[in-house]
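Engineer: Got a structure for you, written out below as structure tokens; questions coming shortly.
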Amino acid sequence: MKSYRYYDFVMAAFVTVLICSNLIGPAKAVQIELPLLGATVFGAGVLFFPISYVFGDILTEVYGYARARRVIWAGFAGLAFASFMAYVVVALPPAPTWPNQPAYEIAFGSTWRIAAASMFAYFCGEFANSFVLAKMKIMTAGKWLWTRTIGSTIVGEAVDSALFYPLAFYGSGIMPNEIIPKLMLAQFFAKVAVEVLFTPLTYKIVGALKRAENEDYYDRATSFTPFTLKV
């Protein structure tokens, strides 16, 4: 297996962003006033979750689908462990002199339903994103990177948004059912907008990594099953 200088660092950055985005604010609905759009509602986690898709695009574009698949599984394992540990720590009986248990439960006490929905949506969305980018790279013969990063993100984020909010919150009583479609749409458009804004930076990082690693992988003979770690 070919050795890479920066692959591990990109993996670490991806997993860090993923875990942070899922532990900080996924159950909080935020409303802000935007020009032309007016009052816009979105989930707080949308502020930096799209960055994980930027890293996913970089991984697939430079190192190929198979190596991106290993990173997606690493992120899934990290997310599952973080969710489990959050559950354990919240469930531990607090000391009688410690008054902050209610606030701690609000901050880190995601229900099993939210955690499961988050992991399932992440799994499906990230693999959809990586698959589409890898296929589009072959179709475009490596040209027009922006079409691949944005196009794959549209598909991946659509899958993620369509799965997470209904699975996590519909009929749960945590938030009114009528605002779930608004949250889904706002999350989708916000995440795609972040990808568009990050396109110039993505170009720079991809170009630098391709030169440093001497790699520009094409998945012409790749098995696209998500259920393996083989490269």
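To be explicit about the labels: the chains of the structure tokens are called A, B, and onward in the order shown, and within each one the residues are counted from 1, while ligands get numbers from 1 in the order they are shown.
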As an MDAnalysis selection string, list the residues of range 138-217 of chain A assigned to helix (DSSP H, G or I) by DSSP on the backbone atoms of this structure.
Structural biologist: chainID A and resid 138:139 145:169 177:197 199:213
Engineer: Would you mind listing what lies within 8 Å of Gly125 in chain A as an MDAnalysis selection string, with only C-alpha atoms counted and same-chain residues fewer than 4 positions away left out?
Structural biologist: chainID A and resid 121 129 155:160
Engineer: Using only C-alpha atoms, which protein or nucleic acid residues come within 12 Å of Asn177 in chain A? Drop anything in the same chain fewer than 5 positions from it, and give the result as a ChimeraX atom specification.
Structural biologist: /A:165-172,182-184
Engineer: Nearest to Phe108 in chain A among A:Val62, A:Ala74, A:Lys28, A:Leu23, with distances taken over only C-alpha atoms: which residue is it?
Structural biologist: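 Ranked by minimum distance to Phe108 in chain A, first place goes to A:Leu23.
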Engineer: For Thr149 in chain A, find every residue with an atom within 10 Å (counting only C-alpha atoms), except residues of its own chain fewer than 2 positions away, and show them as a list of chain:residue names.
Structural biologist: A:Tyr53, A:Val54, A:Gly56, A:Asp57, A:Ile58, A:Thr60, A:Glu61, A:Asn129, A:Ser130, A:Val132, A:Leu133, A:Met136, A:Lys137, A:Trp144, A:Leu145, A:Trp146, A:Thr147, A:Gly151, A:Ser152, A:Thr153, A:Ile154, A:Val192, A:Glu195, A:Val196, A:Phe198, A:Thr199, A:Thr202, A:Tyr203
Engineer: Put those residues in a file: C-alpha atoms, as a PDB file, in the first residue's frame.
Structural biologist:
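What ended up in part.pdb:
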ATOM      1  CA  TYR A  53     -18.122  17.262   3.369  1.00  0.00           C
ATOM      2  CA  VAL A  54     -15.305  19.530   2.191  1.00  0.00           C
ATOM      3  CA  GLY A  56     -14.727  14.191   2.209  1.00  0.00           C
ATOM      4  CA  ASP A  57     -14.430  15.790  -1.224  1.00  0.00           C
ATOM      5  CA  ILE A  58     -10.706  16.383  -0.744  1.00  0.00           C
ATOM      6  CA  THR A  60     -11.990  11.250  -2.578  1.00  0.00           C
ATOM      7  CA  GLU A  61     -10.528  13.635  -5.150  1.00  0.00           C
ATOM      8  CA  ASN A 129     -21.113  12.196  -1.563  1.00  0.00           C
ATOM      9  CA  SER A 130     -17.935  10.165  -2.088  1.00  0.00           C
ATOM     10  CA  VAL A 132     -20.904  10.696  -6.785  1.00  0.00           C
ATOM     11  CA  LEU A 133     -17.607  12.604  -6.722  1.00  0.00           C
ATOM     12  CA  MET A 136     -18.068  12.370 -11.771  1.00  0.00           C
ATOM     13  CA  LYS A 137     -14.264  12.554 -11.781  1.00  0.00           C
ATOM     14  CA  TRP A 144     -14.023  21.032 -13.642  1.00  0.00           C
ATOM     15  CA  LEU A 145     -13.390  20.146 -10.010  1.00  0.00           C
ATOM     16  CA  TRP A 146     -16.080  22.582  -8.881  1.00  0.00           C
ATOM     17  CA  THR A 147     -18.780  20.533 -10.604  1.00  0.00           C
ATOM     18  CA  GLY A 151     -22.592  18.247  -7.328  1.00  0.00           C
ATOM     19  CA  SER A 152     -21.558  15.527  -4.886  1.00  0.00           C
ATOM     20  CA  THR A 153     -22.369  17.775  -1.926  1.00  0.00           C
ATOM     21  CA  ILE A 154     -25.859  18.461  -3.285  1.00  0.00           C
ATOM     22  CA  VAL A 192     -24.514  23.573  -0.055  1.00  0.00           C
ATOM     23  CA  GLU A 195     -19.500  24.131  -0.036  1.00  0.00           C
ATOM     24  CA  VAL A 196     -19.785  26.827  -2.713  1.00  0.00           C
ATOM     25  CA  PHE A 198     -15.251  26.931   0.291  1.00  0.00           C
ATOM     26  CA  THR A 199     -14.657  26.036  -3.377  1.00  0.00           C
ATOM     27  CA  THR A 202     -10.870  23.390  -1.773  1.00  0.00           C
ATOM     28  CA  TYR A 203      -9.068  24.036  -5.067  1.00  0.00           C
TER      29      TYR A 203
END
Engineer: Applying 7 Å and only C-alpha atoms, which residues near Tyr63 in chain A remain after dropping the ones on its own chain fewer than 3 positions away? List them as a PyMOL selection string.
Structural biologist: chain A and resi 59-60+67+215-217
Engineer: Could you save the residues just selected, with N, CA, C and O atoms, as a PDB file, in the first residue's frame?
Structural biologist:
ATOM      1  N   LEU A  59     -10.626  14.153   0.234  1.00  0.00           N
ATOM      2  CA  LEU A  59     -10.139  12.786   0.362  1.00  0.00           C
ATOM      3  C   LEU A  59     -10.412  11.971  -0.900  1.00  0.00           C
ATOM      4  O   LEU A  59      -9.526  11.271  -1.411  1.00  0.00           O
ATOM      5  N   THR A  60     -11.636  12.042  -1.399  1.00  0.00           N
ATOM      6  CA  THR A  60     -11.990  11.250  -2.578  1.00  0.00           C
ATOM      7  C   THR A  60     -11.270  11.746  -3.814  1.00  0.00           C
ATOM      8  O   THR A  60     -10.798  10.955  -4.636  1.00  0.00           O
ATOM      9  N   ARG A  67      -9.896   4.874  -0.052  1.00  0.00           N
ATOM     10  CA  ARG A  67      -9.272   5.477   1.127  1.00  0.00           C
ATOM     11  C   ARG A  67     -10.234   6.427   1.831  1.00  0.00           C
ATOM     12  O   ARG A  67     -10.192   6.555   3.059  1.00  0.00           O
ATOM     13  N   GLU A 215      -0.147  12.253  -6.227  1.00  0.00           N
ATOM     14  CA  GLU A 215      -1.307  11.374  -6.378  1.00  0.00           C
ATOM     15  C   GLU A 215      -2.500  12.151  -6.931  1.00  0.00           C
ATOM     16  O   GLU A 215      -2.739  13.301  -6.542  1.00  0.00           O
ATOM     17  N   ASP A 216      -3.188  11.528  -7.860  1.00  0.00           N
ATOM     18  CA  ASP A 216      -4.453  12.066  -8.384  1.00  0.00           C
ATOM     19  C   ASP A 216      -5.275  10.854  -8.798  1.00  0.00           C
ATOM     20  O   ASP A 216      -5.305  10.457  -9.953  1.00  0.00           O
ATOM     21  N   TYR A 217      -5.967  10.257  -7.839  1.00  0.00           N
ATOM     22  CA  TYR A 217      -6.523   8.920  -7.995  1.00  0.00           C
ATOM     23  C   TYR A 217      -7.815   8.925  -8.808  1.00  0.00           C
ATOM     24  O   TYR A 217      -8.690   9.785  -8.611  1.00  0.00           O
TER      25      TYR A 217
END
Engineer: Could you give me, as a list in words, each residue of range 10-101 of chain A that DSSP assigns to strand (DSSP E) when run on this structure's backbone?
Structural biologist: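 So, restricting range 10-101 of chain A to strand (DSSP E), we get Ala29, Val30, Gln31, Ile32, Glu33, Leu34, Gly38, Ala39, Thr40, Val41, Phe42 and Gly43 of chain A.
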Engineer: Using only C-alpha atoms, which of the listed residues (A:Ser83, A:Thr225, A:Gln187, A:Gln101) sits closest to Ala128 in chain A?
Structural biologist: A:Thr225
Engineer: Would you compute the distance between CA of Ser21 in chain A and CA of Phe49 in chain A? Give it in Å to one decimal.
Structural biologist: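 Interatomic distance, CA of Ser21 in chain A to CA of Phe49 in chain A: 5.1 Å.
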Engineer: Ranking A:Glu126, A:Thr97, A:Asn22, A:Ser161 by minimum distance to Ser110 in chain A and counting only C-alpha atoms, which one comes first?
Structural biologist: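 Ranking A:Glu126, A:Thr97, A:Asn22, A:Ser161 by distance to Ser110 in chain A, first place goes to A:Asn22.
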Engineer: Taking into account only C-alpha atoms, which residue in the set A:Thr222, A:Ser3, A:Gln31, A:Thr16 is nearest to Ala134 in chain A?
Structural biologist: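 Under the stated criterion, the closest residue is A:Thr222.
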